[in-house]
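Structure first, then comments.
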Amino acid sequence: MNAASSERRAFHEFVARHQRFLLTTHINPDGDGIGSEAAMALWLEASGKTVHVLNDSPVPSAFSFLTRTRPMDVFEPELAERRFSESDGLVVLDTSNRSRIGRLSPLLDRHVIPVAVVDHHASHTNGFGHVNVIEPEASATAEIVYDLIREAAAPITPEIAAALYVALMTDTGSFRYSNTDSKAHHMAADLLRYGLDPQRIHAQVHSHASAGRLRFFGEVLSSLAMHEDGKLVVLEAAPEQFRRHGLSGSDTEGLVDIPRTISDVEVVVLFSELEPGWVKVSLRSTGRVAIGQVASRLGGGGHPHAAGVLLGGTREQAKAKILPELSRLLAALEPAGGTKA
Ligand code: AMP
Ligand code: MN
Ligand code: MN
């Protein structure tokens, strides 16, 4: 906590020292990336700062209700040059891996701009910022943003509360993944004091799928394969399937989490080949196997129980790299207490 506190202090000094902020998050942003940006932008603006948000990828429609009052820009070369030139501080949220900010990353080589990283990923904990508030014990980056706002004694408006709630809710899988703890529930309870309607927020986030996305989920799930005595589920999606259903990369969100519900499953892996020759590997553990290192060893990252990596090559090549590692981890596992003799 001490190291974290000194970095948090450094972050507050970073905010005090600068006036024109640029905020960004990882490619294919999720609820935590967008929610943390929205909350931080609203907080900094209320403190009299100028704030712009620029991401590599567009805001997924599930989270667009958070950006209605203050829109976020999508990368475009000229706009990015202008934003980097006019800003005096960059805050990177929900990733501490520089390459994950996508097309914004090369601009850091050409522009001298102080960077603060605020993140909760266990990989890349050194951080590439001048200030690095990286706290892997946080359930979501938004949990850190919430703490920072309260440390600054700044008001939490209903809009800020909604953004933080969406981030916390999505990163914890609606308070059911292994990162859900007492602090996450206390934070949620506190945010509800600002007049949020959790049922409505849930509906706003989870009612944006297209019929094609569900058909795609159906196809991928119907050909799931069970390995390692039912402990490992393998899913695959081919470029042709993305094309036929008119889907993009962020449309796989949530797919890898569904087979967690099969009894006795320890690990789920999804190989999604969005375009030929590029396979996004998504890994999930139901809690007993730490799969984070499998992704980080190959250049990706994430958390011990939810991680990913993008691999060049075919799905077969990706499987050859990943599946033996998972088999090894599963072989080393003690028998599950109580469920099997
Ligand atoms: P996903 O499977 O895309 O939902 O990602 C699961 C977790 O792994 C998230 O915390 C991501 O930030 C992280 N992650 C996914 N892909 C990568 C990657 N290529 N490099 C680093 N971290 C990743
Ligand atoms: Mn994220
Ligand atoms: Mn996160």
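Simple scheme: letters A, B, ... for chains in structure tokens order, numbers from 1 for residues in each chain, numbers from 1 for ligands in the order shown.
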Per-residue nearest contacts stretch 88-115 of chain A to stretch 36-54 of chain A, cut-off 9 Å, using only C-alpha atoms, as a tab-separated table:
residue	atom	partner	partner_atom	distance
A:Val91	CA	A:Glu37	CA	9.0
A:Val92	CA	A:Glu37	CA	8.7
A:Leu93	CA	A:Glu37	CA	6.8
A:Asp94	CA	A:Ser36	CA	7.7
A:Leu104	CA	A:Leu54	CA	8.6
Keeping only C-alpha atoms, take the residues you just selected and write them out as a CSV table (one decimal), in the first residue's frame.
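Output saved as selection20.csv:
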chain,number,residue,atom,x,y,z
A,91,VAL,CA,-3.1,9.6,-18.9
A,92,VAL,CA,-3.3,6.0,-20.0
A,93,LEU,CA,-6.0,3.9,-18.4
A,94,ASP,CA,-6.6,0.2,-18.0
A,104,LEU,CA,-1.2,6.2,-30.4
Taking only C-alpha atoms and all ligand atoms into account, list the residues no farther than 8 Å from ligand 1, as a ChimeraX atom specification. /A:26,94-95,97,100,121,123,253-254,256,280-284,292,295-296,299-303,306-310
Dump of C-alpha atoms for the selected residues, as a compact mmCIF listing (two decimals), in the first residue's frame:
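Dumped everything to selection30.txt:
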# COMPACT_ATOMS: atom_id res chain seq x y z
CA HIS A 26 -6.38 0.01 -24.77
CA ASP A 94 -6.57 0.19 -18.01
CA THR A 95 -3.32 -0.91 -19.67
CA ASN A 97 1.50 -2.19 -21.94
CA ARG A 100 -1.92 -1.88 -26.30
CA HIS A 121 -3.00 -5.47 -14.81
CA SER A 123 1.70 -7.92 -16.38
CA GLU A 253 -16.59 -9.98 -25.82
CA GLY A 254 -18.24 -12.37 -23.36
CA VAL A 256 -15.07 -17.03 -23.80
CA LYS A 280 -6.47 -13.43 -30.83
CA VAL A 281 -6.17 -15.88 -27.96
CA SER A 282 -8.45 -15.26 -24.96
CA LEU A 283 -7.80 -17.27 -21.82
CA ARG A 284 -10.00 -17.68 -18.77
CA GLY A 292 -1.71 -15.17 -17.06
CA ALA A 295 -0.22 -15.13 -22.37
CA SER A 296 2.62 -12.95 -21.08
CA GLY A 299 4.02 -11.28 -25.57
CA GLY A 300 0.46 -10.72 -24.32
CA GLY A 301 -0.76 -10.13 -20.81
CA GLY A 302 -3.69 -9.68 -18.48
CA HIS A 303 -4.56 -11.04 -15.07
CA ALA A 306 -8.21 -13.58 -17.53
CA ALA A 307 -5.53 -12.95 -20.11
CA GLY A 308 -4.94 -12.64 -23.83
CA VAL A 309 -2.37 -12.49 -26.57
CA LEU A 310 -2.43 -11.75 -30.29
Tell me which protein, DNA and RNA residues are within 12 Å of A:Ala80, counting only C-alpha atoms, leaving out same-chain ones fewer than 6 positions away, and put them as a ChimeraX atom specification. /A:22-24,52-56,73-74,86-87,102-108,110-111
With only C-alpha atoms and all ligand atoms as the basis for distance, which of A:Asp171, A:Glu143, A:Glu159, A:Glu137 is at the shortest distance from ligand 2?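 With only C-alpha atoms and all ligand atoms as the atom set, the closest residue is A:Asp171.
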All residues within 8 Å of ligand 3 are required, counting only C-alpha atoms and all ligand atoms; please report them as a PyMOL selection string. chain A and resi 30-33+94-95+119-121+139-142+167+171
Have a look at A:Ala153, A:Ala163, A:Leu270, A:Ala62 and name the one nearest to A:Ala203; count only C-alpha atoms.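 So, comparing all the options, the nearest one is A:Ala62.
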Looking at only C-alpha atoms and all ligand atoms, which of A:Phe14, A:Leu168, A:Ala116, A:Arg9 is the one that sits closest to ligand 2?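 Closest to ligand 2, using only C-alpha atoms and all ligand atoms: A:Leu168.
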List the spatial neighbours of stretch 180-192 of chain A as a PyMOL selection string - criterion: any atom at most 7 Å away, only C-alpha atoms, same-chain residues fewer than 6 positions off excluded. chain A and resi 139+161+165+172
Select from stretch 16-205 of chain A everything DSSP, run on the backbone, classes as alpha helix (DSSP H), then give the selection as a PyMOL selection string. chain A and resi 16-17+31-46+77-86+107-110+141-151+158-171+182-192+198-205
Closest to ligand 2 among A:Ser96, A:Thr286, A:Ser64, A:Ser272, using only C-alpha atoms and all ligand atoms? A:Ser96
Atom CA of A:Gly212 sits from atom CA of A:Val233 at a separation of 23.1 Å
So that I can see what lies close to A:Pro259, please list as a VMD selection string the residues with an atom at most 10 Å from it, counting only C-alpha atoms and leaving out residues fewer than 3 positions away in the same chain. chain A and resid 221 224 232 to 235 255 to 256 262 to 263 265 to 269 284 286
Output file for the residues above (N, CA and C atoms, as a PDB file, in the first residue's frame):
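Written file, selection32.pdb:
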ATOM      1  N   LEU A 221     -20.068 -21.902 -30.124  1.00  0.00           N
ATOM      2  CA  LEU A 221     -20.313 -22.745 -28.942  1.00  0.00           C
ATOM      3  C   LEU A 221     -20.705 -24.162 -29.334  1.00  0.00           C
ATOM      4  N   LEU A 224     -17.718 -26.365 -29.689  1.00  0.00           N
ATOM      5  CA  LEU A 224     -16.692 -26.341 -28.638  1.00  0.00           C
ATOM      6  C   LEU A 224     -16.121 -27.741 -28.426  1.00  0.00           C
ATOM      7  N   LEU A 232     -10.661 -28.557 -19.742  1.00  0.00           N
ATOM      8  CA  LEU A 232     -10.279 -27.505 -20.689  1.00  0.00           C
ATOM      9  C   LEU A 232     -11.293 -27.442 -21.833  1.00  0.00           C
ATOM     10  N   VAL A 233     -11.807 -26.237 -22.072  1.00  0.00           N
ATOM     11  CA  VAL A 233     -12.729 -26.032 -23.199  1.00  0.00           C
ATOM     12  C   VAL A 233     -12.006 -25.199 -24.258  1.00  0.00           C
ATOM     13  N   VAL A 234     -12.066 -25.647 -25.502  1.00  0.00           N
ATOM     14  CA  VAL A 234     -11.422 -24.934 -26.600  1.00  0.00           C
ATOM     15  C   VAL A 234     -12.483 -24.455 -27.589  1.00  0.00           C
ATOM     16  N   LEU A 235     -12.459 -23.146 -27.864  1.00  0.00           N
ATOM     17  CA  LEU A 235     -13.378 -22.548 -28.838  1.00  0.00           C
ATOM     18  C   LEU A 235     -12.558 -21.972 -29.982  1.00  0.00           C
ATOM     19  N   LEU A 255     -17.901 -14.084 -25.060  1.00  0.00           N
ATOM     20  CA  LEU A 255     -18.025 -15.441 -25.607  1.00  0.00           C
ATOM     21  C   LEU A 255     -17.211 -16.458 -24.807  1.00  0.00           C
ATOM     22  N   VAL A 256     -15.970 -16.102 -24.500  1.00  0.00           N
ATOM     23  CA  VAL A 256     -15.072 -17.027 -23.797  1.00  0.00           C
ATOM     24  C   VAL A 256     -15.545 -17.304 -22.363  1.00  0.00           C
ATOM     25  N   ILE A 262     -19.842 -24.717 -17.537  1.00  0.00           N
ATOM     26  CA  ILE A 262     -19.843 -26.181 -17.615  1.00  0.00           C
ATOM     27  C   ILE A 262     -19.192 -26.720 -16.342  1.00  0.00           C
ATOM     28  N   SER A 263     -19.809 -27.727 -15.730  1.00  0.00           N
ATOM     29  CA  SER A 263     -19.288 -28.159 -14.429  1.00  0.00           C
ATOM     30  C   SER A 263     -17.892 -28.750 -14.581  1.00  0.00           C
ATOM     31  N   VAL A 265     -15.136 -27.360 -15.263  1.00  0.00           N
ATOM     32  CA  VAL A 265     -14.205 -26.711 -16.187  1.00  0.00           C
ATOM     33  C   VAL A 265     -13.234 -25.831 -15.397  1.00  0.00           C
ATOM     34  N   GLU A 266     -11.954 -25.920 -15.742  1.00  0.00           N
ATOM     35  CA  GLU A 266     -10.937 -25.089 -15.081  1.00  0.00           C
ATOM     36  C   GLU A 266     -10.474 -23.953 -15.987  1.00  0.00           C
ATOM     37  N   VAL A 267     -10.346 -24.250 -17.298  1.00  0.00           N
ATOM     38  CA  VAL A 267      -9.792 -23.265 -18.229  1.00  0.00           C
ATOM     39  C   VAL A 267     -10.610 -23.252 -19.520  1.00  0.00           C
ATOM     40  N   VAL A 268     -10.840 -22.036 -20.042  1.00  0.00           N
ATOM     41  CA  VAL A 268     -11.482 -21.888 -21.350  1.00  0.00           C
ATOM     42  C   VAL A 268     -10.536 -21.079 -22.224  1.00  0.00           C
ATOM     43  N   VAL A 269     -10.363 -21.498 -23.471  1.00  0.00           N
ATOM     44  CA  VAL A 269      -9.527 -20.727 -24.390  1.00  0.00           C
ATOM     45  C   VAL A 269     -10.271 -20.549 -25.709  1.00  0.00           C
ATOM     46  N   ARG A 284      -9.301 -17.885 -20.032  1.00  0.00           N
ATOM     47  CA  ARG A 284     -10.001 -17.685 -18.768  1.00  0.00           C
ATOM     48  C   ARG A 284      -9.785 -18.881 -17.865  1.00  0.00           C
ATOM     49  N   THR A 286     -11.277 -20.592 -14.198  1.00  0.00           N
ATOM     50  CA  THR A 286     -12.387 -20.465 -13.234  1.00  0.00           C
ATOM     51  C   THR A 286     -11.859 -20.264 -11.813  1.00  0.00           C
TER      52      THR A 286
END
When you draw a straight line from atom CA of A:Leu214 to atom CA of A:His245, how long is it in Å?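 Atom-to-atom, atom CA of A:Leu214 and atom CA of A:His245 are spaced 9.4 Å apart.
Atom to atom, atom CA of A:His208 and atom CA of A:Ile156 stand 27.3 Å apart.
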I'd like to know which residues of stretch 86-256 of chain A are strand (DSSP E or B) (by DSSP, run on the backbone); could you write them as a PyMOL selection string? chain A and resi 89-93+115-119+131-134+225-227+232-237
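Shortest separation to ligand 2 among A:Ser174, A:Thr25, A:Gln19, A:Thr157 occurs at residue A:Thr25, atoms counted being only C-alpha atoms and all ligand atoms.
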A:Ala238: which residues within 10 Å, counting only C-alpha atoms, same-chain residues fewer than 5 positions away excluded, as an NGL selection string? :A and (220 or 243 or 271-276 or 279 or 315)
Dump as a PDB file, in the first residue's frame, selection limited to all heavy atoms:
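Heads up, here's the output in again-v9.pdb:
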ATOM      1  N   VAL A 220     -20.068 -20.931 -32.732  1.00  0.00           N
ATOM      2  CA  VAL A 220     -18.787 -21.197 -32.066  1.00  0.00           C
ATOM      3  C   VAL A 220     -19.000 -22.139 -30.878  1.00  0.00           C
ATOM      4  O   VAL A 220     -18.246 -23.095 -30.686  1.00  0.00           O
ATOM      5  CB  VAL A 220     -18.123 -19.871 -31.609  1.00  0.00           C
ATOM      6  CG1 VAL A 220     -16.886 -20.137 -30.770  1.00  0.00           C
ATOM      7  CG2 VAL A 220     -17.765 -19.024 -32.824  1.00  0.00           C
ATOM      8  N   ARG A 243     -16.883 -12.554 -40.994  1.00  0.00           N
ATOM      9  CA  ARG A 243     -17.324 -11.882 -42.210  1.00  0.00           C
ATOM     10  C   ARG A 243     -18.811 -12.132 -42.465  1.00  0.00           C
ATOM     11  O   ARG A 243     -19.585 -11.206 -42.680  1.00  0.00           O
ATOM     12  CB  ARG A 243     -16.489 -12.388 -43.389  1.00  0.00           C
ATOM     13  CG  ARG A 243     -16.028 -11.284 -44.297  1.00  0.00           C
ATOM     14  CD  ARG A 243     -15.200 -11.719 -45.487  1.00  0.00           C
ATOM     15  NE  ARG A 243     -15.186 -13.126 -45.803  1.00  0.00           N
ATOM     16  CZ  ARG A 243     -14.159 -13.946 -45.581  1.00  0.00           C
ATOM     17  NH1 ARG A 243     -13.053 -13.493 -45.033  1.00  0.00           N
ATOM     18  NH2 ARG A 243     -14.222 -15.216 -45.924  1.00  0.00           N
ATOM     19  N   PHE A 271      -9.739 -19.191 -29.623  1.00  0.00           N
ATOM     20  CA  PHE A 271      -8.823 -18.792 -30.693  1.00  0.00           C
ATOM     21  C   PHE A 271      -9.662 -18.082 -31.737  1.00  0.00           C
ATOM     22  O   PHE A 271     -10.374 -18.729 -32.502  1.00  0.00           O
ATOM     23  CB  PHE A 271      -8.145 -20.026 -31.300  1.00  0.00           C
ATOM     24  CG  PHE A 271      -7.255 -20.761 -30.328  1.00  0.00           C
ATOM     25  CD1 PHE A 271      -7.757 -21.808 -29.551  1.00  0.00           C
ATOM     26  CD2 PHE A 271      -5.924 -20.402 -30.167  1.00  0.00           C
ATOM     27  CE1 PHE A 271      -6.945 -22.477 -28.643  1.00  0.00           C
ATOM     28  CE2 PHE A 271      -5.109 -21.070 -29.257  1.00  0.00           C
ATOM     29  CZ  PHE A 271      -5.617 -22.105 -28.496  1.00  0.00           C
ATOM     30  N   SER A 272      -9.619 -16.769 -31.769  1.00  0.00           N
ATOM     31  CA  SER A 272     -10.443 -16.106 -32.783  1.00  0.00           C
ATOM     32  C   SER A 272      -9.562 -15.452 -33.840  1.00  0.00           C
ATOM     33  O   SER A 272      -8.754 -14.564 -33.548  1.00  0.00           O
ATOM     34  CB  SER A 272     -11.449 -15.137 -32.164  1.00  0.00           C
ATOM     35  OG  SER A 272     -10.826 -14.179 -31.413  1.00  0.00           O
ATOM     36  N   GLU A 273      -9.743 -15.948 -35.050  1.00  0.00           N
ATOM     37  CA  GLU A 273      -8.965 -15.468 -36.193  1.00  0.00           C
ATOM     38  C   GLU A 273      -9.815 -14.458 -36.933  1.00  0.00           C
ATOM     39  O   GLU A 273     -10.602 -14.805 -37.807  1.00  0.00           O
ATOM     40  CB  GLU A 273      -8.596 -16.660 -37.101  1.00  0.00           C
ATOM     41  CG  GLU A 273      -7.598 -16.309 -38.181  1.00  0.00           C
ATOM     42  CD  GLU A 273      -7.157 -17.528 -39.004  1.00  0.00           C
ATOM     43  OE1 GLU A 273      -7.611 -18.658 -38.718  1.00  0.00           O
ATOM     44  OE2 GLU A 273      -6.366 -17.335 -39.942  1.00  0.00           O
ATOM     45  N   LEU A 274      -9.659 -13.206 -36.530  1.00  0.00           N
ATOM     46  CA  LEU A 274     -10.497 -12.138 -37.073  1.00  0.00           C
ATOM     47  C   LEU A 274     -10.154 -11.895 -38.533  1.00  0.00           C
ATOM     48  O   LEU A 274     -11.017 -11.761 -39.386  1.00  0.00           O
ATOM     49  CB  LEU A 274     -10.295 -10.877 -36.233  1.00  0.00           C
ATOM     50  CG  LEU A 274     -11.120  -9.677 -36.581  1.00  0.00           C
ATOM     51  CD1 LEU A 274     -12.602  -9.972 -36.450  1.00  0.00           C
ATOM     52  CD2 LEU A 274     -10.754  -8.518 -35.684  1.00  0.00           C
ATOM     53  N   GLU A 275      -8.852 -11.818 -38.819  1.00  0.00           N
ATOM     54  CA  GLU A 275      -8.425 -11.764 -40.212  1.00  0.00           C
ATOM     55  C   GLU A 275      -7.404 -12.872 -40.410  1.00  0.00           C
ATOM     56  O   GLU A 275      -6.703 -13.230 -39.464  1.00  0.00           O
ATOM     57  CB  GLU A 275      -7.841 -10.408 -40.605  1.00  0.00           C
ATOM     58  CG  GLU A 275      -7.460  -9.538 -39.457  1.00  0.00           C
ATOM     59  CD  GLU A 275      -6.703  -8.302 -39.894  1.00  0.00           C
ATOM     60  OE1 GLU A 275      -5.982  -8.324 -40.901  1.00  0.00           O
ATOM     61  OE2 GLU A 275      -6.834  -7.303 -39.187  1.00  0.00           O
ATOM     62  N   PRO A 276      -7.339 -13.395 -41.632  1.00  0.00           N
ATOM     63  CA  PRO A 276      -6.457 -14.530 -41.860  1.00  0.00           C
ATOM     64  C   PRO A 276      -5.030 -14.226 -41.403  1.00  0.00           C
ATOM     65  O   PRO A 276      -4.476 -13.174 -41.724  1.00  0.00           O
ATOM     66  CB  PRO A 276      -6.517 -14.729 -43.383  1.00  0.00           C
ATOM     67  CG  PRO A 276      -7.822 -14.135 -43.786  1.00  0.00           C
ATOM     68  CD  PRO A 276      -8.071 -13.002 -42.847  1.00  0.00           C
ATOM     69  N   VAL A 279      -4.382 -14.412 -34.919  1.00  0.00           N
ATOM     70  CA  VAL A 279      -5.250 -15.134 -33.989  1.00  0.00           C
ATOM     71  C   VAL A 279      -5.215 -14.467 -32.617  1.00  0.00           C
ATOM     72  O   VAL A 279      -4.165 -14.354 -31.991  1.00  0.00           O
ATOM     73  CB  VAL A 279      -4.818 -16.612 -33.861  1.00  0.00           C
ATOM     74  CG1 VAL A 279      -5.747 -17.354 -32.907  1.00  0.00           C
ATOM     75  CG2 VAL A 279      -4.802 -17.279 -35.229  1.00  0.00           C
ATOM     76  N   ARG A 315      -4.600 -20.701 -36.889  1.00  0.00           N
ATOM     77  CA  ARG A 315      -5.187 -21.170 -35.623  1.00  0.00           C
ATOM     78  C   ARG A 315      -4.470 -22.432 -35.153  1.00  0.00           C
ATOM     79  O   ARG A 315      -4.252 -22.624 -33.966  1.00  0.00           O
ATOM     80  CB  ARG A 315      -6.687 -21.435 -35.780  1.00  0.00           C
ATOM     81  CG  ARG A 315      -7.498 -20.181 -36.048  1.00  0.00           C
ATOM     82  CD  ARG A 315      -8.949 -20.376 -35.661  1.00  0.00           C
ATOM     83  NE  ARG A 315      -9.624 -21.435 -36.392  1.00  0.00           N
ATOM     84  CZ  ARG A 315      -9.981 -21.379 -37.670  1.00  0.00           C
ATOM     85  NH1 ARG A 315      -9.690 -20.303 -38.384  1.00  0.00           N
ATOM     86  NH2 ARG A 315     -10.612 -22.384 -38.240  1.00  0.00           N
TER      87      ARG A 315
END
Pick from A:Pro58, A:Gly173, A:Gly287, A:Gly89 nearest to A:His202, counting only C-alpha atoms: A:Gly173
